[in-house]
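Below: one structure, written as structure tokens.
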Amino acid sequence: MTIAIIGAGMAGLAAAAQLTRGGRDVRLFDKGRGPGGRMATRRASLGGADIAFDHGAQYFTARSAGFQDAVADWVRTGAAAVWGDGRYVGTPAMNSVIKAMAAPLDVVWGAQVTEIAGAPGRWQLLRGEAQPVGVFEQVVVAVPAEQAAALLAPVAPGLAARAGAVRSAPCWTVMLGYEQPTGVMAEAMEPEAGPLGWAARNSSKPGRAGAESWVLQARPDWSAAHLEDPAETVAADLVAAFVDVTGAGAPDFVQAHRWRYARVTEPLGIPFQFDRALGLATCGDWHLGARIEAAWTSGHLLGRELLR
């Protein structure tokens with residue numbers, strides 16, 4: 001059986017790994033240029049040297065036995081490491097975990113699927129100017145709920161409607177680089193007031209090298225209120241908040257990134273959706289909650305269901 005998975009993030013890759021172990025022929029399509037998604041890493045140059053930022057998910061935890069086993073394997077192979085009490089990060093960058101998961105699989109990067117066409121048993125994925133990318137017996141949609149609803153509406157209105165009921169909060173993220181140490185010793189902080197909800201000294205994470213780097217994330221309500229503001233304005237506001245909280249000087253590098261669908265606030269409440277008659281399914285953290293483990297669990301359990 002040939003299965004297509006739209007989205008090669010944590011959920012899509014977890015589903016693909018389970019299906020591949022079960023002998024299924026699986027191909028993944030992801031609009032990103034490479035592994036990462038919301039576990040992305042941004043690289044830049046500062047003072048002639050490379051500098052990197054985990055500008056999406058900052059860390060992950062492991063509560064369930066299945067995910068603990070997966071994390072232990074990533075730690076054993078060097079794709080992840082402990083950062084603080086009960087927190088893990090990818091090494092040498094957050095996207096290292098996604099790279100490790102994707103390596104043995106058939107993933108097409110830079111392939112944004114814009115339409116699902118055809119009929120049960122012969123689903124066709126289209127990208128760009130209606131360019132077909134293959135015919136598949138089943139299709140898994142492993143993208144944010146808002147995007148899943150749009151893709152599924154013409155072919156699976158029931159699945160689309162439930163995805164459309166999910167709500168996500170946006171997040172403005174700002175990356176800072178310093179050629180000289182700031183003197184701020186904290187690894188991470190969560191200010192109690194102001195626009196800044198989280199600040200992490202990215203360079204304190206295991207496996208990181210180079211100049212001091214920080215990742216700032218705005219509070220969800222502030223991000224929503226300023227969603228359409230220019231990136232330069234947002235960056236200035238969050239830098240000012242960071243300097244006020246820490247006493248750090250002005251950064252030598254500043255860049256803002258807007259995550260429109262950063263964190264699910266009203267999840268679906270079930271681990272996945274699967275319409276067996278249509279051969280269409282959905283998975284992702286938006287089914288269970290805003291955690292990397294939720295994404296893995298959703299994809300892993302869907303993979304098991306599709307093997308039945």
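Every chain in the structure tokens has a letter given in the order shown (A, B, ...), and although residue numbers restart at 1 in each chain, ligands are simply numbered from 1 in the order shown.
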
Name all residues at most 8 Å from stretch 4-10 of chain A (count only C-alpha atoms; drop same-chain ones fewer than 5 positions away) and give them as number ranges by chain. A: 16, 26-31, 35-39, 98, 102, 107, 113, 136, 138-143, 284, 292, 295-296, 299

Now that the selection is made, can you save its residues with N, CA, C and O atoms as an mmCIF file, in the first residue's frame?
```
data_model
loop_
_atom_site.group_PDB
_atom_site.id
_atom_site.type_symbol
_atom_site.label_atom_id
_atom_site.label_comp_id
_atom_site.auth_asym_id
_atom_site.auth_seq_id
_atom_site.Cartn_x
_atom_site.Cartn_y
_atom_site.Cartn_z
ATOM 1 N N ALA A 16 5.299 8.016 9.809
ATOM 2 C CA ALA A 16 6.039 7.361 8.733
ATOM 3 C C ALA A 16 6.953 6.264 9.268
ATOM 4 O O ALA A 16 7.083 5.196 8.660
ATOM 5 N N VAL A 26 5.888 4.475 2.000
ATOM 6 C CA VAL A 26 5.504 5.802 2.474
ATOM 7 C C VAL A 26 6.379 6.868 1.831
ATOM 8 O O VAL A 26 7.601 6.711 1.726
ATOM 9 N N ARG A 27 5.728 7.962 1.415
ATOM 10 C CA ARG A 27 6.467 9.115 0.899
ATOM 11 C C ARG A 27 5.938 10.374 1.573
ATOM 12 O O ARG A 27 4.725 10.564 1.668
ATOM 13 N N LEU A 28 6.861 11.219 2.052
ATOM 14 C CA LEU A 28 6.476 12.440 2.737
ATOM 15 C C LEU A 28 6.785 13.661 1.884
ATOM 16 O O LEU A 28 7.788 13.680 1.146
ATOM 17 N N PHE A 29 5.935 14.669 2.004
ATOM 18 C CA PHE A 29 6.111 15.932 1.287
ATOM 19 C C PHE A 29 6.058 17.074 2.296
ATOM 20 O O PHE A 29 5.123 17.165 3.095
ATOM 21 N N ASP A 30 7.060 17.932 2.258
ATOM 22 C CA ASP A 30 7.117 19.048 3.196
ATOM 23 C C ASP A 30 7.492 20.322 2.452
ATOM 24 O O ASP A 30 8.386 20.310 1.594
ATOM 25 N N LYS A 31 6.812 21.419 2.798
ATOM 26 C CA LYS A 31 7.066 22.680 2.108
ATOM 27 C C LYS A 31 8.386 23.319 2.509
ATOM 28 O O LYS A 31 8.900 24.182 1.804
ATOM 29 N N PRO A 35 14.760 19.833 7.042
ATOM 30 C CA PRO A 35 14.127 19.395 8.290
ATOM 31 C C PRO A 35 14.012 20.522 9.309
ATOM 32 O O PRO A 35 14.911 21.353 9.435
ATOM 33 N N GLY A 36 12.917 20.531 10.023
ATOM 34 C CA GLY A 36 12.762 21.521 11.086
ATOM 35 C C GLY A 36 11.324 21.758 11.470
ATOM 36 O O GLY A 36 10.855 21.342 12.514
ATOM 37 N N GLY A 37 10.583 22.452 10.591
ATOM 38 C CA GLY A 37 9.225 22.841 10.949
ATOM 39 C C GLY A 37 9.260 23.739 12.166
ATOM 40 O O GLY A 37 10.057 24.666 12.255
ATOM 41 N N ARG A 38 8.422 23.432 13.166
ATOM 42 C CA ARG A 38 8.429 24.239 14.387
ATOM 43 C C ARG A 38 9.545 23.828 15.351
ATOM 44 O O ARG A 38 9.660 24.383 16.431
ATOM 45 N N MET A 39 10.380 22.865 14.927
ATOM 46 C CA MET A 39 11.626 22.567 15.647
ATOM 47 C C MET A 39 12.798 23.093 14.810
ATOM 48 O O MET A 39 13.855 22.471 14.713
ATOM 49 N N ILE A 98 14.723 16.076 14.105
ATOM 50 C CA ILE A 98 13.954 15.898 12.873
ATOM 51 C C ILE A 98 14.841 15.343 11.754
ATOM 52 O O ILE A 98 14.416 14.465 10.991
ATOM 53 N N ALA A 102 14.145 11.836 9.844
ATOM 54 C CA ALA A 102 13.880 11.883 8.400
ATOM 55 C C ALA A 102 14.902 11.107 7.585
ATOM 56 O O ALA A 102 14.599 10.666 6.465
ATOM 57 N N VAL A 107 11.633 11.473 1.950
ATOM 58 C CA VAL A 107 11.053 12.801 2.169
ATOM 59 C C VAL A 107 11.413 13.713 1.006
ATOM 60 O O VAL A 107 12.575 13.795 0.607
ATOM 61 N N VAL A 113 2.247 20.957 -0.901
ATOM 62 C CA VAL A 113 1.045 20.382 -1.495
ATOM 63 C C VAL A 113 -0.086 21.390 -1.358
ATOM 64 O O VAL A 113 -0.396 21.853 -0.259
ATOM 65 N N PHE A 136 -1.799 7.866 -4.595
ATOM 66 C CA PHE A 136 -1.633 7.146 -3.339
ATOM 67 C C PHE A 136 -2.961 6.545 -2.881
ATOM 68 O O PHE A 136 -4.016 7.123 -3.097
ATOM 69 N N GLN A 138 -3.683 5.983 0.373
ATOM 70 C CA GLN A 138 -4.062 6.712 1.577
ATOM 71 C C GLN A 138 -3.224 7.978 1.687
ATOM 72 O O GLN A 138 -2.092 8.034 1.191
ATOM 73 N N VAL A 139 -3.795 8.988 2.350
ATOM 74 C CA VAL A 139 -3.084 10.260 2.550
ATOM 75 C C VAL A 139 -3.237 10.677 4.009
ATOM 76 O O VAL A 139 -4.348 10.676 4.552
ATOM 77 N N VAL A 140 -2.122 11.020 4.623
ATOM 78 C CA VAL A 140 -2.100 11.557 5.984
ATOM 79 C C VAL A 140 -1.750 13.034 5.902
ATOM 80 O O VAL A 140 -0.758 13.403 5.263
ATOM 81 N N VAL A 141 -2.549 13.865 6.528
ATOM 82 C CA VAL A 141 -2.292 15.304 6.562
ATOM 83 C C VAL A 141 -1.733 15.638 7.939
ATOM 84 O O VAL A 141 -2.434 15.551 8.947
ATOM 85 N N ALA A 142 -0.457 15.990 7.985
ATOM 86 C CA ALA A 142 0.249 16.236 9.245
ATOM 87 C C ALA A 142 0.794 17.650 9.268
ATOM 88 O O ALA A 142 1.995 17.877 9.409
ATOM 89 N N VAL A 143 -0.106 18.610 9.112
ATOM 90 C CA VAL A 143 0.244 20.035 9.119
ATOM 91 C C VAL A 143 -0.642 20.722 10.169
ATOM 92 O O VAL A 143 -1.579 20.111 10.690
ATOM 93 N N GLY A 284 -1.055 15.322 14.425
ATOM 94 C CA GLY A 284 -0.324 16.532 14.782
ATOM 95 C C GLY A 284 -0.577 16.893 16.231
ATOM 96 O O GLY A 284 -1.498 16.364 16.872
ATOM 97 N N ILE A 292 5.744 18.820 22.042
ATOM 98 C CA ILE A 292 6.384 17.982 21.033
ATOM 99 C C ILE A 292 5.996 16.524 21.241
ATOM 100 O O ILE A 292 5.764 15.782 20.278
ATOM 101 N N ALA A 295 2.750 15.736 19.547
ATOM 102 C CA ALA A 295 2.891 15.518 18.101
ATOM 103 C C ALA A 295 3.380 14.103 17.816
ATOM 104 O O ALA A 295 2.852 13.401 16.940
ATOM 105 N N TRP A 296 4.409 13.676 18.554
ATOM 106 C CA TRP A 296 4.944 12.322 18.353
ATOM 107 C C TRP A 296 3.877 11.274 18.653
ATOM 108 O O TRP A 296 3.697 10.314 17.896
ATOM 109 N N GLY A 299 1.211 11.055 15.818
ATOM 110 C CA GLY A 299 1.695 10.360 14.631
ATOM 111 C C GLY A 299 1.941 8.881 14.876
ATOM 112 O O GLY A 299 1.604 8.028 14.038
#
```

Could you give me, as a CSV table (one decimal) with C-alpha atoms, in the first residue's frame, the residues within 6 Å of A:Trp109, counting only C-alpha atoms and dropping anything in the same chain fewer than 6 positions from it?
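Here's the written file around-v7.csv:
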```csv
chain,number,residue,atom,x,y,z
A,30,ASP,CA,7.1,19.0,3.2
A,32,GLY,CA,10.2,23.5,4.1
A,33,ARG,CA,13.6,23.6,2.4
A,34,GLY,CA,14.9,21.1,5.0
```

For the strand (DSSP E or B) assignment from backbone DSSP, which residues of stretch 156-288 of chain A qualify? Please present them as a PyMOL selection string. chain A and resi 167-178+188-189+196-201+212-218+253-266+273-275+280-282

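Minimum distance to A:Lys99 across A:Arg122, A:Arg24, A:Leu13, A:Glu146 (counting only C-alpha atoms) occurs at A:Leu13.
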
For A:Leu126, the nearest of the candidates A:Ala163, A:Ala250, A:Val245, A:Ala111, counting only C-alpha atoms: A:Ala111

Considering only C-alpha atoms, return as a list in words whatever protein or nucleic-acid residues lie within 9 Å of stretch 65-81 of chain A, sequence-local ones (same chain, fewer than 6 positions apart) excluded. Arg87, Tyr88, Val89, Gly90, Thr91, Pro92, Ala93, Met94, Asn95, Ser96, Val97, Ile98, Lys99, Ala100, Lys205, Pro206, Gly207, Glu293, Trp296 and Thr297 of chain A

Considering only C-alpha atoms, return as an MDAnalysis selection string whatever protein or nucleic-acid residues lie within 10 Å of stretch 224-233 of chain A, sequence-local ones (same chain, fewer than 6 positions apart) excluded. chainID A and resid 169:174 218 239 254:260

Please return, as a PyMOL selection string, all residues of stretch 137-166 of chain A that DSSP assigns to helix (DSSP H, G or I) on the basis of the backbone. chain A and resi 145-152+157-164

Keeping N, CA, C and O atoms, export the residues of the selection given above as an mmCIF file, in the first residue's frame.
```cif
data_model
loop_
_atom_site.group_PDB
_atom_site.id
_atom_site.type_symbol
_atom_site.label_atom_id
_atom_site.label_comp_id
_atom_site.auth_asym_id
_atom_site.auth_seq_id
_atom_site.Cartn_x
_atom_site.Cartn_y
_atom_site.Cartn_z
ATOM 1 N N ALA A 145 -3.565 22.637 12.121
ATOM 2 C CA ALA A 145 -5.001 22.416 11.930
ATOM 3 C C ALA A 145 -5.600 23.349 10.892
ATOM 4 O O ALA A 145 -6.419 22.925 10.063
ATOM 5 N N GLU A 146 -5.207 24.603 10.932
ATOM 6 C CA GLU A 146 -5.777 25.578 9.997
ATOM 7 C C GLU A 146 -5.455 25.214 8.549
ATOM 8 O O GLU A 146 -6.288 25.364 7.651
ATOM 9 N N GLN A 147 -4.236 24.744 8.316
ATOM 10 C CA GLN A 147 -3.838 24.338 6.969
ATOM 11 C C GLN A 147 -4.478 23.003 6.590
ATOM 12 O O GLN A 147 -4.860 22.791 5.432
ATOM 13 N N ALA A 148 -4.604 22.095 7.553
ATOM 14 C CA ALA A 148 -5.258 20.812 7.289
ATOM 15 C C ALA A 148 -6.709 21.011 6.885
ATOM 16 O O ALA A 148 -7.216 20.349 5.961
ATOM 17 N N ALA A 149 -7.404 21.933 7.561
ATOM 18 C CA ALA A 149 -8.810 22.189 7.238
ATOM 19 C C ALA A 149 -8.963 22.655 5.799
ATOM 20 O O ALA A 149 -9.878 22.212 5.082
ATOM 21 N N ALA A 150 -8.082 23.525 5.353
ATOM 22 C CA ALA A 150 -8.161 24.038 3.979
ATOM 23 C C ALA A 150 -7.897 22.936 2.955
ATOM 24 O O ALA A 150 -8.577 22.855 1.919
ATOM 25 N N LEU A 151 -6.932 22.071 3.224
ATOM 26 C CA LEU A 151 -6.605 20.998 2.285
ATOM 27 C C LEU A 151 -7.714 19.963 2.191
ATOM 28 O O LEU A 151 -8.008 19.430 1.112
ATOM 29 N N LEU A 152 -8.351 19.672 3.312
ATOM 30 C CA LEU A 152 -9.316 18.578 3.363
ATOM 31 C C LEU A 152 -10.741 18.983 3.014
ATOM 32 O O LEU A 152 -11.574 18.117 2.712
ATOM 33 N N PRO A 157 -15.032 16.833 4.107
ATOM 34 C CA PRO A 157 -15.551 17.963 4.894
ATOM 35 C C PRO A 157 -15.689 17.665 6.384
ATOM 36 O O PRO A 157 -15.549 18.575 7.203
ATOM 37 N N GLY A 158 -15.937 16.412 6.754
ATOM 38 C CA GLY A 158 -16.044 16.073 8.167
ATOM 39 C C GLY A 158 -14.716 16.240 8.895
ATOM 40 O O GLY A 158 -14.649 16.849 9.965
ATOM 41 N N LEU A 159 -13.656 15.693 8.307
ATOM 42 C CA LEU A 159 -12.328 15.856 8.889
ATOM 43 C C LEU A 159 -11.937 17.325 8.923
ATOM 44 O O LEU A 159 -11.355 17.808 9.898
ATOM 45 N N ALA A 160 -12.266 18.036 7.853
ATOM 46 C CA ALA A 160 -11.915 19.454 7.762
ATOM 47 C C ALA A 160 -12.627 20.274 8.829
ATOM 48 O O ALA A 160 -12.038 21.173 9.435
ATOM 49 N N ALA A 161 -13.909 19.970 9.055
ATOM 50 C CA ALA A 161 -14.681 20.735 10.035
ATOM 51 C C ALA A 161 -14.102 20.578 11.425
ATOM 52 O O ALA A 161 -14.006 21.558 12.187
ATOM 53 N N ARG A 162 -13.690 19.364 11.776
ATOM 54 C CA ARG A 162 -13.121 19.164 13.109
ATOM 55 C C ARG A 162 -11.765 19.848 13.236
ATOM 56 O O ARG A 162 -11.436 20.416 14.286
ATOM 57 N N ALA A 163 -10.982 19.808 12.161
ATOM 58 C CA ALA A 163 -9.709 20.527 12.187
ATOM 59 C C ALA A 163 -9.943 22.024 12.299
ATOM 60 O O ALA A 163 -9.216 22.743 13.000
ATOM 61 N N GLY A 164 -10.984 22.512 11.633
ATOM 62 C CA GLY A 164 -11.286 23.932 11.650
ATOM 63 C C GLY A 164 -11.748 24.443 12.999
ATOM 64 O O GLY A 164 -11.713 25.652 13.259
#
```

Would you list the contacts of stretch 45-51 of chain A as a PyMOL selection string, taking every protein, DNA or RNA residue within 7 Å and counting only C-alpha atoms, but skipping same-chain residues closer than 3 positions in sequence? chain A and resi 179+210-211+253

Name all residues at most 6 Å from A:Phe272 (count only C-alpha atoms; drop same-chain ones fewer than 2 positions away) and give them as a tab-separated table (two decimals) with N, CA, C and O atoms, in the first residue's frame.
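File result-v8.tsv, as written:
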```tsv
chain	number	residue	atom	x	y	z
A	270	ILE	N	-8.58	14.18	20.66
A	270	ILE	CA	-8.37	12.78	20.27
A	270	ILE	C	-7.02	12.71	19.57
A	270	ILE	O	-6.56	13.70	18.99
A	282	THR	N	-5.59	12.53	9.69
A	282	THR	CA	-4.85	13.70	10.18
A	282	THR	C	-4.11	13.33	11.46
A	282	THR	O	-4.56	12.47	12.23
A	283	CYS	N	-2.98	13.99	11.70
A	283	CYS	CA	-2.27	13.86	12.96
A	283	CYS	C	-1.51	15.14	13.20
A	283	CYS	O	-1.33	15.96	12.31
A	298	SER	N	0.62	11.52	18.59
A	298	SER	CA	-0.42	11.54	17.57
A	298	SER	C	0.01	10.76	16.32
A	298	SER	O	-0.71	9.90	15.82
```

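Here atom CA of A:His300 stands at a distance of 12.3 Å from atom CA of A:Ser64.
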